[in-house]
Amino acid sequence: MIFDSFLKALRQMTDPKFLGVLAAGIGLTLLLLVGFYAGFVVLVGWLLPETITLPWIGDITWVDNALTWAGVPLMLVLSIFLMVPVASAFMGIFLETIADAVERKHYPSLPPARSVGILEGLLDALKFLGVLIAVNLVALIAYLLVAPLAPIIFWVVNGILLGREYAQLVALRRSDAAGAAAFRRRNRPTIFAAGVLMTVPLTIPVVNILVPILGAATFTHLYHRLNSSSPARSA
C-alpha cells in the first residue's frame, strides 16, 4: 500500500501543480538565504568599524571584509543543512495544492475538501519547521554520542515527524482536528513506516528537495486507501 501510493505520487511529479509548488518553494528558499546573507553583511558593517587599531601592529582595515567573505562558506554550509527544512516549510504553504491535484486525478468523485487558508497553512508550516529543526538539533547530540547509529536515529526521528505532519495535513482537509487525531492513532504503524520512507530521500542531494511534494501526495493516497471509502481511479 505504501509503495504503491509512493509510486503513484512519483508518476504525477510532472503535473503542472506539482512543478509550480516545487518552483515556489525553491525560489522562496533561495530568496531567504540571499536575504540572510545580505543581513549578515550589513550587521558586520554596522558592528565593526572600518579601521581597528591594535598595539604594536597599527591600523587594520580588512577585518570587516574578511568576515564578509567568511560568510560565503558559512552560507554554503547553512544551505546544506537548512535548504530542505526551509524549503519544506515554504512548500508547506502550498501543499494543499498538491493534495487537491492528487484528488482531482485519482479521486474525482470526492466532494470538495475543507479549504485551508494561506495564514493557517503558513502558521502550521512555520510550527512544523520549528519542531523539525529543534528536534534535529537535540538529535544531533545522539548522533555524536552513537555515531554508528546516526542514520537509524535520523530515519526514526524524522520518520515520526514527517509521518505526523503529512498525515495531519491530508486528514484536516477531510475532517476536523479530532478526526485527524483519531486517524493518526488508528494508523500509527503505517503512518510511521510511510514517514520513514519519506525520510530516506532526505539524505540524497537534489532529490531531498522533492520530499515535501512526494510526502503530501503519498499521504493523500494513503489517507483515502486507509479510509477505503474514497472511490479511486487505478492509475
# chains A, B, ... in the order shown; residues from 1 in each chain; ligands from 1
$ residues_around --residues "segment 171-182 of chain A" --least-positions-apart "2" --cutoff "12 Å" --atoms "only C-alpha atoms" --output "JSON, numbers by chain"
{"A": [95, 96, 97, 98, 99, 100, 103, 110, 111, 112, 113, 114, 115, 116, 117, 120, 121, 124, 163, 164, 165, 166, 167, 168, 169, 184, 185, 186, 187, 188, 191, 216, 219, 220, 221, 222, 223, 224, 226, 227, 230]}
$ closest_residue --among "A:Ile153, A:Ile160, A:Ala194, A:Ala147" --to "Val131 of chain A" --atoms "only C-alpha atoms"
A:Ile160
$ residues_around --residues "Val135 of chain A" --least-positions-apart "6" --cutoff "9 Å" --atoms "only C-alpha atoms" --output "NGL selection string"
:A and (157-158 or 161)
$ residues_around --residues "Ile152 of chain A" --least-positions-apart "3" --cutoff "12 Å" --atoms "only C-alpha atoms" --output "MDAnalysis selection string"
chainID A and resid 139 142:143 146:149 155:159 196 199:200 203
$ write_last_selection --atoms "N, CA, C and O atoms" --output "PDB file, in the first residue's frame"
ATOM      1  N   ALA A 139      18.620  15.803  18.474  1.00  0.00           N
ATOM      2  CA  ALA A 139      19.078  14.504  17.984  1.00  0.00           C
ATOM      3  C   ALA A 139      20.549  14.545  17.596  1.00  0.00           C
ATOM      4  O   ALA A 139      21.223  13.506  17.593  1.00  0.00           O
ATOM      5  N   ALA A 142      22.665  12.924  20.028  1.00  0.00           N
ATOM      6  CA  ALA A 142      22.650  11.462  19.915  1.00  0.00           C
ATOM      7  C   ALA A 142      23.517  10.998  18.747  1.00  0.00           C
ATOM      8  O   ALA A 142      24.200   9.971  18.835  1.00  0.00           O
ATOM      9  N   TYR A 143      23.497  11.772  17.646  1.00  0.00           N
ATOM     10  CA  TYR A 143      24.344  11.409  16.504  1.00  0.00           C
ATOM     11  C   TYR A 143      25.822  11.376  16.911  1.00  0.00           C
ATOM     12  O   TYR A 143      26.573  10.496  16.489  1.00  0.00           O
ATOM     13  N   VAL A 146      26.463   8.323  19.582  1.00  0.00           N
ATOM     14  CA  VAL A 146      26.406   6.972  18.996  1.00  0.00           C
ATOM     15  C   VAL A 146      26.459   7.107  17.475  1.00  0.00           C
ATOM     16  O   VAL A 146      25.490   6.817  16.779  1.00  0.00           O
ATOM     17  N   ALA A 147      27.600   7.547  16.983  1.00  0.00           N
ATOM     18  CA  ALA A 147      27.760   7.839  15.557  1.00  0.00           C
ATOM     19  C   ALA A 147      27.359   6.683  14.638  1.00  0.00           C
ATOM     20  O   ALA A 147      26.730   6.918  13.598  1.00  0.00           O
ATOM     21  N   PRO A 148      27.696   5.418  14.971  1.00  0.00           N
ATOM     22  CA  PRO A 148      27.306   4.327  14.057  1.00  0.00           C
ATOM     23  C   PRO A 148      25.797   4.189  13.873  1.00  0.00           C
ATOM     24  O   PRO A 148      25.341   3.689  12.847  1.00  0.00           O
ATOM     25  N   LEU A 149      25.038   4.630  14.867  1.00  0.00           N
ATOM     26  CA  LEU A 149      23.575   4.518  14.791  1.00  0.00           C
ATOM     27  C   LEU A 149      22.921   5.799  14.284  1.00  0.00           C
ATOM     28  O   LEU A 149      21.694   5.878  14.233  1.00  0.00           O
ATOM     29  N   TRP A 155      16.506   8.500  10.628  1.00  0.00           N
ATOM     30  CA  TRP A 155      15.317   7.977   9.957  1.00  0.00           C
ATOM     31  C   TRP A 155      14.140   7.852  10.918  1.00  0.00           C
ATOM     32  O   TRP A 155      13.014   8.188  10.563  1.00  0.00           O
ATOM     33  N   VAL A 156      14.419   7.380  12.131  1.00  0.00           N
ATOM     34  CA  VAL A 156      13.334   7.192  13.100  1.00  0.00           C
ATOM     35  C   VAL A 156      12.740   8.530  13.526  1.00  0.00           C
ATOM     36  O   VAL A 156      11.520   8.729  13.507  1.00  0.00           O
ATOM     37  N   VAL A 157      13.625   9.463  13.917  1.00  0.00           N
ATOM     38  CA  VAL A 157      13.163  10.768  14.404  1.00  0.00           C
ATOM     39  C   VAL A 157      12.374  11.504  13.328  1.00  0.00           C
ATOM     40  O   VAL A 157      11.250  11.971  13.552  1.00  0.00           O
ATOM     41  N   ASN A 158      12.963  11.604  12.138  1.00  0.00           N
ATOM     42  CA  ASN A 158      12.293  12.344  11.076  1.00  0.00           C
ATOM     43  C   ASN A 158      11.124  11.562  10.489  1.00  0.00           C
ATOM     44  O   ASN A 158      10.183  12.159   9.961  1.00  0.00           O
ATOM     45  N   GLY A 159      11.172  10.234  10.578  1.00  0.00           N
ATOM     46  CA  GLY A 159      10.028   9.438  10.147  1.00  0.00           C
ATOM     47  C   GLY A 159       8.800   9.733  10.989  1.00  0.00           C
ATOM     48  O   GLY A 159       7.683   9.864  10.476  1.00  0.00           O
ATOM     49  N   VAL A 196       9.090   7.191   7.442  1.00  0.00           N
ATOM     50  CA  VAL A 196      10.474   6.743   7.267  1.00  0.00           C
ATOM     51  C   VAL A 196      10.818   6.690   5.780  1.00  0.00           C
ATOM     52  O   VAL A 196      11.912   7.093   5.368  1.00  0.00           O
ATOM     53  N   THR A 199      11.701   9.933   4.706  1.00  0.00           N
ATOM     54  CA  THR A 199      12.934  10.421   5.321  1.00  0.00           C
ATOM     55  C   THR A 199      14.168   9.971   4.553  1.00  0.00           C
ATOM     56  O   THR A 199      15.152  10.719   4.469  1.00  0.00           O
ATOM     57  N   VAL A 200      14.131   8.778   3.991  1.00  0.00           N
ATOM     58  CA  VAL A 200      15.304   8.236   3.300  1.00  0.00           C
ATOM     59  C   VAL A 200      15.809   9.168   2.197  1.00  0.00           C
ATOM     60  O   VAL A 200      17.015   9.450   2.117  1.00  0.00           O
ATOM     61  N   THR A 203      18.457  12.243   2.638  1.00  0.00           N
ATOM     62  CA  THR A 203      19.911  12.118   2.655  1.00  0.00           C
ATOM     63  C   THR A 203      20.506  12.153   1.250  1.00  0.00           C
ATOM     64  O   THR A 203      21.722  12.038   1.100  1.00  0.00           O
TER      65      THR A 203
END
$ atom_distance --atom1 "atom CA of Pro151 of chain A" --atom2 "atom CA of Val207 of chain A"
17.3 Å
$ decode --residues "segment 169-210 of chain A" --atoms "C-alpha atoms" --output "short mmCIF file (atom, residue, chain, number, x, y, z; two decimals), in the first residue's frame"
data_model
loop_
_atom_site.label_atom_id
_atom_site.label_comp_id
_atom_site.auth_asym_id
_atom_site.auth_seq_id
_atom_site.Cartn_x
_atom_site.Cartn_y
_atom_site.Cartn_z
CA LEU A 169 -2.13 17.81 6.61
CA VAL A 170 -4.23 15.48 4.48
CA ALA A 171 -6.60 14.42 7.27
CA LEU A 172 -7.52 18.00 8.19
CA ARG A 173 -8.77 18.56 4.64
CA ARG A 174 -11.43 15.90 5.16
CA SER A 175 -12.13 16.04 8.91
CA ASP A 176 -11.79 18.21 11.99
CA ALA A 177 -8.87 18.14 14.43
CA ALA A 178 -10.40 15.32 16.49
CA GLY A 179 -10.96 13.24 13.37
CA ALA A 180 -7.40 13.85 12.18
CA ALA A 181 -6.00 12.80 15.56
CA ALA A 182 -8.15 9.65 15.51
CA PHE A 183 -6.91 8.84 12.01
CA ARG A 184 -3.29 9.12 13.16
CA ARG A 185 -3.86 6.92 16.22
CA ARG A 186 -5.72 4.31 14.21
CA ASN A 187 -3.00 4.03 11.59
CA ARG A 188 0.13 4.84 13.59
CA PRO A 189 2.36 1.96 12.28
CA THR A 190 1.52 2.70 8.62
CA ILE A 191 1.99 6.43 9.09
CA PHE A 192 5.36 5.86 10.77
CA ALA A 193 6.53 3.49 8.01
CA ALA A 194 5.49 5.97 5.32
CA GLY A 195 7.24 8.75 7.23
CA VAL A 196 10.47 6.74 7.27
CA LEU A 197 10.10 6.18 3.52
CA MET A 198 9.88 9.95 3.08
CA THR A 199 12.93 10.42 5.32
CA VAL A 200 15.30 8.24 3.30
CA PRO A 201 15.44 10.64 0.29
CA LEU A 202 16.35 13.47 2.68
CA THR A 203 19.91 12.12 2.66
CA ILE A 204 20.14 12.29 -1.16
CA PRO A 205 21.18 15.73 -2.51
CA VAL A 206 18.79 17.33 -5.02
CA VAL A 207 16.27 14.51 -4.56
CA ASN A 208 15.63 15.69 -0.99
CA ILE A 209 14.01 18.88 -2.24
CA LEU A 210 11.18 16.77 -3.70
#
